[in-house]
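Take a look at the structure set out below.
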Amino acid sequence: MFETLTSEAQKLLKTMGSEAMKVAWKWEKPADVNHGDITTTVALQLARILKKSPRDVADELAAKVGKLSGVERCEVAGAGYINVWLTPKALLEELAVTRKACTPAVTRKKEAPVIVEYCSLNIAKPLGVHHILTTMIGQVIANLYAHEGTPVVRWNYLGDWGTQFGKLFVAFEKWGAGADPAKISLNELLALYVKFHEEAEKDPELEARGQAAFKRLEDGDREVRHVWQAFVDVTKRAVAPVLERLSARFDTDVGESHYESAMAPIIEEGKKKGVFTKGEKGATIVQFPPPSTLPPAVVLKSDGGTNYLTRDLALVVDRIARYHPAAILHVVGVEQTLHFQQLMATAKLLEWELPVWEHIVFGRMRFADQSMSTRKGTILHLEEVLDEAVRRADAIIKDRGDAIQSDDPKELGEMMGIGAVVYGILSQNRKMDIVFDWDKMLSFEGNSAPYLQYTHARARSVIRKAGADSAKTSPAVKTLTVHERQLLGKLLQFSSVLEHARTERLPHVLANYLHQLCQDFNTFYNVDPILTAPEAERAFRLLLTDSAATVLKTGAEILTLRVPERM
RNA sequence: GCGCUCGUAGUUAAGCCCGGAUAGAACGCCAGAUUGCGGAUCUGGAAGUCGCAGGUUCAAAUCCUGCCGGGCGCACCA
């Protein structure tokens with residue numbers, strides 16, 4: 001924010017002595033309008049270094065800042081804050097940065113891409129509600145990069161391998177009644193899986209048969225492989241429409257099954273480098289030397305089979321070779337934190353050259369009164385949640401009857417319903433656990449998607465009434481009302497909010513910013529007349545209105561929320 | 001047991017990494033606003049020992065230590 005002003009201010013620090021130059025000048029947006037347009041705490045930091053009183057340092061700096069161009073006045077307040085009011089002209093000029101941030105940057109195709117792995121669909125299982133967490137968080141992080149021009153690889157890393165497919169094959173043969181595997185439904189597959197586990201408790205031999213069947217799959221047995229492939233296709237086809245409703249689209253869905261052959265060389269490498277050693281019962285393990293406190297991890301089971309860790313090692317090798325990525329981001333739940341720590345520590349012990357590599361954690365979704373275990377078969381389907389959300393939105397739309405100004409109420413219901421669920425997920429800190437609650441998840445009031453959608457529709461309505469080109473006439477610079485100043489100040493934060501949300505991988509930073517923007521716009525709207533204002537103010541207020549609508553739409557689209565022209 | 005993580009109004013929760021002004025919101029509750037551009041809005045109010053106790057600091061929700069409480073994880077599942 002305010003690059004020229006920042007660099008000018010930074011120069012001022014030189015006059016305070018060489019020690020002072022260690023401090024980086026940083027403007028912040030004050031919480032309260034009465035504290036100026038921008039504020040800084042550099043004087044407080046300087047005071048410590050220079051061993052002077054914060055007030056004295058602040059006074060000295062403020063006198064100089066007050067003379068910089070674009071500054072209307074400058075005050076020292078509190079412990080040593082330097083509060084700056086900018087000239088309306090300077091504020092307006094800065095709005096260009098915000099408007100620019102509303103246009104997606106052209107992808108810099110030659111640059112190394114960021115790989116974002118999310119969704120991680122499991123074959124032979126329906127999408128549960130909890131899948132919405134990884135899917136939405138990952139998608140928004142990918143969008144944030146794409147918007148700013150970084151090439152992105154959106155990767156749905158399929159869970160398409162493992163003993164469960166052997167078990168499923170056995171169950172299908174035993175209880176599938178000779179059905180066509182290409183026509184089975186996901187619910188039937190889930191039922192088979194559940195039945196297998198029930199029966200296996202009575203008949204321990206089933207477990208062994210399942211493992212044997214998986215071995216056949218690994219060895220390329222045609223019959224087992226045929227069924228497995230059918231299950232993969234069935235799952236992808238069944239899940240596609242649900243993902244489409246969430247606007248989730250991927251560049252690749254290469255899954256676990258692709259890395260079977262890549263693991264042997266890694267095992268060899270690990271053994272040769274002395275990183276992989278023998279553990280209990282003949283397993284091959286990694287031990288992490290102090291000061292690491294990580295527990296040892298298995299890379300080869302005692303039967304010689306590979307596991308999740310081995311597969312992820314192969315995966316990272318492949319991704320680096322194939323994409324030369326700038327970063328690999330795994331959007332995976334907290335419960336796998338230890339796994340990723342061990343994975344990354346192992347790669348480090350192997351002395352691999354690695355890009356930025358992060359596990360982007362999100363909290364668990366818990367139910368007040370239900371278990372989410374697939375094995376017990378009580379999984380709540382994502383599709384049901386979306387349907388219920390749209391149903392509730394439709395009911396609200398119907399209630400309002402003629403007050404609705406939508407051409408397509410059906411489409412609006414979809415927009416609001418899906419939006420409410422998505423916004424509910426994205427507006428809270430991803431690191432926190434989420435307790436699933438229908439009313440909370442499907443909120444249509446307050447800090448919710450419909451509030452954003454309504455505000456956008458309202459702003460657009462004003463623009464339409466103003467006539468096509470009136471928002472484009474350049475507004476005269478004048479004194480700002482308190483609400484104009486507040487709204488303008490909020491608009492100016494947009495670009496830094498996008499950056500913050502991206503670098504910290506925190507979608508809720510953007511979601512909460514949009515909510516604040518709506519509040520500021522609605523307050524402004526209620527107090528300052530737009531269309532009926534005198535010409536000079538009218539043009540300026542239309543510019544604010546148009547900017548608010550554009551920022552709202554841009555931000556919402558990054559969150560994959562759709563905002564209507566009218567509702 | 002060890003490790004990680006969370007604890008903020010009645011409820012849901014932002015701020016914590018990087019210490020600074022009166023802890024910012026939403027729901028619910030109470031009271032208001034429309035001969036003005038969309039009242040799905042706005043204004044005001046009540047509601048907080050920031051889990052507890054120490055420590056560091058001019059200054060602690062924020063950093064450090066201990067304790068209490070919830071969650072997650074802890075070698076052949078992913």
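Identifiers for the structure tokens are assigned positionally: chains receive A, B, ... in sequence, residues are indexed from 1 per chain, and ligands are indexed from 1 in the order shown.
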Excluding same-chain residues fewer than 5 positions from A:Ser292, what lies within 12 Å of it counting only C-alpha atoms (C1' of nucleotides), as a short mmCIF file (atom, residue, chain, number, x, y, z; two decimals) with C-alpha atoms (C1' of nucleotides), in the first residue's frame?
```
data_model
loop_
_atom_site.label_atom_id
_atom_site.label_comp_id
_atom_site.auth_asym_id
_atom_site.auth_seq_id
_atom_site.Cartn_x
_atom_site.Cartn_y
_atom_site.Cartn_z
CA GLN A 287 15.01 -43.03 12.26
CA GLN A 341 6.68 -34.08 9.21
CA GLN A 342 8.18 -37.53 8.77
CA ALA A 345 12.29 -35.01 7.35
CA THR A 346 13.00 -38.16 5.36
CA LEU A 349 17.87 -36.91 5.31
"C1'" G B 3 4.36 -34.92 20.89
#
```
Residues of chain A that have any atom at most 8 Å from an atom of chain B: could you tabulate them with the shortest-distance atom pair and the distance in Å to one decimal, using only C-alpha atoms (C1' of nucleotides), ordered by chain and increasing number, as CSV?
```
residue,atom,partner,partner_atom,distance
A:Thr41,CA,B:G20,C1',7.8
A:Leu44,CA,B:G20,C1',8.0
A:Ala77,CA,B:A21,C1',7.8
A:Gly78,CA,B:A21,C1',5.5
A:Ala79,CA,B:G20,C1',7.3
A:Ala283,CA,B:C76,C1',6.7
A:Ile285,CA,B:A75,C1',7.5
A:Pro295,CA,B:C74,C1',7.3
A:Pro296,CA,B:A75,C1',6.0
A:Ala297,CA,B:A75,C1',5.0
A:Val298,CA,B:A75,C1',5.2
A:Leu300,CA,B:C76,C1',7.3
A:Lys301,CA,B:C76,C1',4.5
A:Ser302,CA,B:C76,C1',6.4
A:Tyr308,CA,B:A78,C1',6.3
A:Val334,CA,B:C72,C1',7.2
A:Glu335,CA,B:C72,C1',5.8
A:Gln336,CA,B:G73,C1',7.8
A:Thr337,CA,B:G73,C1',7.8
A:Leu338,CA,B:G73,C1',6.7
A:Gln428,CA,B:A13,C1',7.7
A:Met432,CA,B:C6,C1',7.6
A:Lys440,CA,B:U12,C1',7.8
A:Glu445,CA,B:A40,C1',7.9
A:Gly446,CA,B:A26,C1',5.5
A:Asn447,CA,B:A26,C1',5.5
A:Pro450,CA,B:A40,C1',7.4
A:Tyr451,CA,B:A40,C1',7.0
A:Tyr454,CA,B:A40,C1',6.5
A:Arg458,CA,B:G38,C1',6.0
A:Ser461,CA,B:G38,C1',7.8
A:Val462,CA,B:C37,C1',5.9
A:Asn522,CA,B:U41,C1',6.9
A:Thr523,CA,B:C42,C1',6.3
A:Asn526,CA,B:C42,C1',6.2
A:Pro529,CA,B:C37,C1',6.9
A:Ile530,CA,B:C37,C1',6.3
A:Leu531,CA,B:C37,C1',5.7
A:Thr532,CA,B:C37,C1',7.4
```
Exercise. Mind checking which residues fall within 8 Å of B:U8, counting only C-alpha atoms (C1' of nucleotides), ignoring those fewer than 6 positions away in the same chain, and posting them as a VMD selection string?
Key: chain B and resid 48 50 61
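Of the listed residues A:Gln453, A:Thr15, A:Gln10, A:Gln516, the one whose atoms come nearest to A:Leu412 is A:Gln453, with distances taken using only C-alpha atoms.
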Practice problem: Check the DSSP output for the backbone and give back, as a PyMOL selection string, the residues of stretch 138-342 of chain A in helix (DSSP H, G or I). | Solution: chain A and resi 138-147+163-175+181-183+186-202+205-218+222-245+256-259+263-272+280-282+308-323+334-342
Near-A:Ala142 list (10 Å; only C-alpha atoms (C1' of nucleotides); drop same-chain fewer than 5 positions) as a compact mmCIF listing (two decimals) with C-alpha atoms, in the first residue's frame:
```txt
# COMPACT_ATOMS: atom_id res chain seq x y z
CA VAL A 114 2.82 -24.07 -7.84
CA ILE A 115 1.32 -27.52 -7.39
CA VAL A 116 -1.73 -27.54 -5.17
CA GLU A 117 -2.91 -30.96 -4.13
CA TYR A 118 -6.44 -31.01 -2.76
CA MET A 136 -12.63 -25.43 -1.12
CA ILE A 137 -9.49 -24.44 0.76
CA HIS A 147 -5.25 -14.58 -10.13
CA THR A 150 1.53 -17.76 -11.17
CA PRO A 151 1.04 -20.98 -13.15
CA VAL A 152 -0.83 -23.49 -11.05
CA VAL A 153 -1.24 -27.25 -11.25
CA ARG A 154 -4.50 -28.27 -9.59
CA TRP A 155 -4.06 -31.84 -8.57
CA LEU A 329 1.25 -27.59 -1.30
CA ARG A 502 -2.11 -16.08 -0.59
CA ARG A 505 -2.66 -19.60 2.64
CA ILE A 558 -11.64 -16.16 -6.11
```
Quiz item: Between A:His197, A:Lys29, A:His258, A:Arg464, which has the minimum distance to A:Leu158 (counting only C-alpha atoms)?
Solution: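 Comparing A:His197, A:Lys29, A:His258, A:Arg464 against A:Leu158, the winner is A:His258.
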Exercise. Using backbone DSSP assignments, extract all strand (DSSP E or B) residues from stretch 332-560 of chain A; output them as an MDAnalysis selection string.
Key: chainID A and resid 332:333 356:362 365:367 381 434:436
Near stretch 350-365 of chain A, 9 Å: stretch 72-170 of chain A residue rows, closest pairs, only C-alpha atoms, as JSON lines:
```
{"residue": "A:Val129", "atom": "CA", "partner": "A:Met365", "partner_atom": "CA", "distance": 8.5}
{"residue": "A:His130", "atom": "CA", "partner": "A:Met365", "partner_atom": "CA", "distance": 6.0}
{"residue": "A:Leu133", "atom": "CA", "partner": "A:Phe362", "partner_atom": "CA", "distance": 7.5}
{"residue": "A:Thr134", "atom": "CA", "partner": "A:Phe362", "partner_atom": "CA", "distance": 7.6}
{"residue": "A:Ile137", "atom": "CA", "partner": "A:Phe362", "partner_atom": "CA", "distance": 8.4}
{"residue": "A:Gly138", "atom": "CA", "partner": "A:Ile360", "partner_atom": "CA", "distance": 8.7}
```
Self-check item: Shell around stretch 65-69 of chain B at 9 Å using only C-alpha atoms (C1' of nucleotides), local window under 4 positions removed, as a VMD selection string
Solution: chain B and resid 7 51 to 55
Self-check item: Near-A:Pro88 list (7 Å; only C-alpha atoms (C1' of nucleotides); drop same-chain fewer than 4 positions) as a list in words
Solution: Leu92, Val477, Lys478, Thr479 and Leu480 of chain A
Quiz item: Expressed in Å to a single decimal, how great is the separation between atom CA of A:Leu206 and atom CA of A:Gly166?
Solution: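 Here the two named atoms are 10.4 Å from each other.
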